[in-house]
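Asker: Take this structure first; my questions come after.
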Amino acid sequence: PVSVRDNEKKLKVMAGLVSLIARNPEVADIAREAIVLPRVKLNRFIMNRALERGEIAAGTDIDLISTVSASMVSYRTLMLQKAVDREFLIRVIDNVILPAVGLRADHFAR
């Protein structure tokens with residue numbers, strides 16, 4: 001399993017590539033494929049499974065929502081220069097992802 005620390009390392013590498021990306025769109029494509037797309041694909045897979053089980057509403061924009069957490073993690077790391085910890089990820093899931101798919105965090109017992 002990928003840990004929060006592993007994701008932070010990947011995003012720090014991406015932060016180091018920002019100036020290179022600005023000069024070379026091919027590097028942007030490579031970075032996106034290596035760093036962002038694996039998380040987006042995993043999110044899309046999880047949401048499609050939830051859709052198939054009827055846990056989220058048909059018509060949910062899975063493609064858009066699949067990119068939200070990766071975007072928020074990237075922004076937090078690159079722009080705010082803050083760590084991505086478990087608490088942050090839980091807040092994103094509870095306050096952004098679940099409401100976006102029509103669920104409430106208290107719907108799930110912890």
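Residues in the structure tokens are named by chain (A, B, ... in the order shown) and by number from 1 within that chain; ligands are numbered from 1 in the order shown.
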Skipping near chain neighbours, those fewer than 2 positions away, what residues fall within 7 Å of segment 100-104 of chain A using only C-alpha atoms, listed as a list in words?
Answerer: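 Using only C-alpha atoms, the neighbours found are Ile56, Ala57, Thr60, Val96, Ile97, Leu98, Asp106 and His107 of chain A.
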Asker: May I have all residues of segment 13-101 of chain A that DSSP, computed from the backbone, assigns to alpha helix (DSSP H), given as a PyMOL selection string?
Answerer: chain A and resi 13-23+25-31+37-52+62-78+86-92+98-100
Asker: Determine, counting only C-alpha atoms, which protein, DNA and RNA residues have an atom within 8 Å of an atom of segment 63-78 of chain A; residues of the same chain fewer than 2 positions away are not included. Present the result as a PyMOL selection string.
Answerer: chain A and resi 8+11-12+15+36+39-41+43-44+47+61+80-84+92-93+97+100
Asker: Take the residues from that selection and write them out as a PDB file, in the first residue's frame, keeping N, CA, C and O atoms.
Answerer:
ATOM      1  N   GLU A   8       3.815  12.103  -0.322  1.00  0.00           N
ATOM      2  CA  GLU A   8       4.518  13.370  -0.099  1.00  0.00           C
ATOM      3  C   GLU A   8       5.827  13.399  -0.881  1.00  0.00           C
ATOM      4  O   GLU A   8       6.171  14.428  -1.475  1.00  0.00           O
ATOM      5  N   LEU A  11       5.093  14.089  -4.470  1.00  0.00           N
ATOM      6  CA  LEU A  11       4.703  15.474  -4.699  1.00  0.00           C
ATOM      7  C   LEU A  11       5.877  16.428  -4.548  1.00  0.00           C
ATOM      8  O   LEU A  11       5.945  17.452  -5.230  1.00  0.00           O
ATOM      9  N   LYS A  12       6.825  16.099  -3.695  1.00  0.00           N
ATOM     10  CA  LYS A  12       8.021  16.938  -3.585  1.00  0.00           C
ATOM     11  C   LYS A  12       8.855  16.861  -4.865  1.00  0.00           C
ATOM     12  O   LYS A  12       9.425  17.858  -5.297  1.00  0.00           O
ATOM     13  N   ALA A  15       7.155  19.087  -7.185  1.00  0.00           N
ATOM     14  CA  ALA A  15       7.457  20.488  -6.879  1.00  0.00           C
ATOM     15  C   ALA A  15       8.792  20.890  -7.490  1.00  0.00           C
ATOM     16  O   ALA A  15       8.939  22.001  -8.005  1.00  0.00           O
ATOM     17  N   VAL A  36       0.225  11.956 -10.836  1.00  0.00           N
ATOM     18  CA  VAL A  36      -1.186  12.277 -10.610  1.00  0.00           C
ATOM     19  C   VAL A  36      -2.120  11.171 -11.101  1.00  0.00           C
ATOM     20  O   VAL A  36      -3.034  10.764 -10.383  1.00  0.00           O
ATOM     21  N   ARG A  39      -3.195   8.005  -8.911  1.00  0.00           N
ATOM     22  CA  ARG A  39      -4.159   8.302  -7.843  1.00  0.00           C
ATOM     23  C   ARG A  39      -5.548   8.535  -8.436  1.00  0.00           C
ATOM     24  O   ARG A  39      -6.544   8.057  -7.911  1.00  0.00           O
ATOM     25  N   VAL A  40      -5.619   9.257  -9.544  1.00  0.00           N
ATOM     26  CA  VAL A  40      -6.904   9.525 -10.195  1.00  0.00           C
ATOM     27  C   VAL A  40      -7.537   8.208 -10.650  1.00  0.00           C
ATOM     28  O   VAL A  40      -8.738   7.986 -10.463  1.00  0.00           O
ATOM     29  N   LYS A  41      -6.744   7.320 -11.230  1.00  0.00           N
ATOM     30  CA  LYS A  41      -7.255   6.021 -11.686  1.00  0.00           C
ATOM     31  C   LYS A  41      -7.790   5.199 -10.513  1.00  0.00           C
ATOM     32  O   LYS A  41      -8.836   4.564 -10.616  1.00  0.00           O
ATOM     33  N   ASN A  43      -8.905   6.412  -7.615  1.00  0.00           N
ATOM     34  CA  ASN A  43     -10.137   7.073  -7.175  1.00  0.00           C
ATOM     35  C   ASN A  43     -11.304   6.715  -8.094  1.00  0.00           C
ATOM     36  O   ASN A  43     -12.407   6.425  -7.633  1.00  0.00           O
ATOM     37  N   ARG A  44     -11.060   6.749  -9.403  1.00  0.00           N
ATOM     38  CA  ARG A  44     -12.103   6.423 -10.382  1.00  0.00           C
ATOM     39  C   ARG A  44     -12.574   4.977 -10.194  1.00  0.00           C
ATOM     40  O   ARG A  44     -13.774   4.695 -10.233  1.00  0.00           O
ATOM     41  N   MET A  47     -14.739   4.771  -7.029  1.00  0.00           N
ATOM     42  CA  MET A  47     -16.054   5.391  -7.228  1.00  0.00           C
ATOM     43  C   MET A  47     -16.923   4.603  -8.192  1.00  0.00           C
ATOM     44  O   MET A  47     -18.143   4.520  -8.005  1.00  0.00           O
ATOM     45  N   ASP A  61     -20.519  12.842 -11.289  1.00  0.00           N
ATOM     46  CA  ASP A  61     -19.411  13.143 -12.195  1.00  0.00           C
ATOM     47  C   ASP A  61     -18.121  12.522 -11.642  1.00  0.00           C
ATOM     48  O   ASP A  61     -17.289  13.190 -11.032  1.00  0.00           O
ATOM     49  N   LEU A  80       1.037  25.595  -0.756  1.00  0.00           N
ATOM     50  CA  LEU A  80       1.023  25.932   0.669  1.00  0.00           C
ATOM     51  C   LEU A  80       2.249  25.416   1.409  1.00  0.00           C
ATOM     52  O   LEU A  80       2.500  25.815   2.539  1.00  0.00           O
ATOM     53  N   GLN A  81       2.965  24.498   0.786  1.00  0.00           N
ATOM     54  CA  GLN A  81       4.146  23.861   1.373  1.00  0.00           C
ATOM     55  C   GLN A  81       3.843  23.283   2.750  1.00  0.00           C
ATOM     56  O   GLN A  81       4.594  23.441   3.704  1.00  0.00           O
ATOM     57  N   LYS A  82       2.712  22.590   2.812  1.00  0.00           N
ATOM     58  CA  LYS A  82       2.291  21.913   4.036  1.00  0.00           C
ATOM     59  C   LYS A  82       2.276  20.414   3.796  1.00  0.00           C
ATOM     60  O   LYS A  82       2.063  19.956   2.669  1.00  0.00           O
ATOM     61  N   ALA A  83       2.462  19.671   4.866  1.00  0.00           N
ATOM     62  CA  ALA A  83       2.466  18.216   4.778  1.00  0.00           C
ATOM     63  C   ALA A  83       1.061  17.694   4.502  1.00  0.00           C
ATOM     64  O   ALA A  83       0.062  18.296   4.906  1.00  0.00           O
ATOM     65  N   VAL A  84       1.008  16.577   3.841  1.00  0.00           N
ATOM     66  CA  VAL A  84      -0.247  15.863   3.625  1.00  0.00           C
ATOM     67  C   VAL A  84      -0.266  14.725   4.621  1.00  0.00           C
ATOM     68  O   VAL A  84       0.421  13.731   4.457  1.00  0.00           O
ATOM     69  N   VAL A  92     -10.530  16.013   3.701  1.00  0.00           N
ATOM     70  CA  VAL A  92     -10.877  16.093   2.283  1.00  0.00           C
ATOM     71  C   VAL A  92     -11.974  15.084   1.950  1.00  0.00           C
ATOM     72  O   VAL A  92     -12.968  15.422   1.292  1.00  0.00           O
ATOM     73  N   ILE A  93     -11.814  13.876   2.419  1.00  0.00           N
ATOM     74  CA  ILE A  93     -12.817  12.844   2.144  1.00  0.00           C
ATOM     75  C   ILE A  93     -14.162  13.206   2.773  1.00  0.00           C
ATOM     76  O   ILE A  93     -15.199  13.188   2.106  1.00  0.00           O
ATOM     77  N   ILE A  97     -15.172  15.050  -0.767  1.00  0.00           N
ATOM     78  CA  ILE A  97     -15.482  13.902  -1.620  1.00  0.00           C
ATOM     79  C   ILE A  97     -16.850  13.300  -1.300  1.00  0.00           C
ATOM     80  O   ILE A  97     -17.675  13.131  -2.198  1.00  0.00           O
ATOM     81  N   ALA A 100     -19.688  15.456  -2.328  1.00  0.00           N
ATOM     82  CA  ALA A 100     -19.747  15.541  -3.793  1.00  0.00           C
ATOM     83  C   ALA A 100     -20.450  14.333  -4.411  1.00  0.00           C
ATOM     84  O   ALA A 100     -21.030  14.449  -5.487  1.00  0.00           O
TER      85      ALA A 100
END
Asker: Can you work out which one of A:Ile90, A:Val13, A:Ala50, A:Phe45 has the shortest atom-to-atom distance to Arg32 of chain A, counting only C-alpha atoms?
Answerer: A:Val13
Asker: Which value, in Å to one decimal, gives the distance between atom CA of Glu33 of chain A and atom CA of Leu20 of chain A?
Answerer: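 Atom-to-atom, atom CA of Glu33 of chain A and atom CA of Leu20 of chain A are spaced 15.6 Å apart.
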Asker: If I take atom CA of Arg5 of chain A and atom CA of Arg23 of chain A, how far is one from the other in Å, to one decimal?
Answerer: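 That distance, rounded to one decimal, is 28.4 Å.
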Asker: Record the distance separating atom CA of Ala31 of chain A and atom CA of Leu17 of chain A, expressed in Å with one decimal.
Answerer: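 Taking atom CA of Ala31 of chain A as the start and atom CA of Leu17 of chain A as the end point, the length is 8.0 Å.
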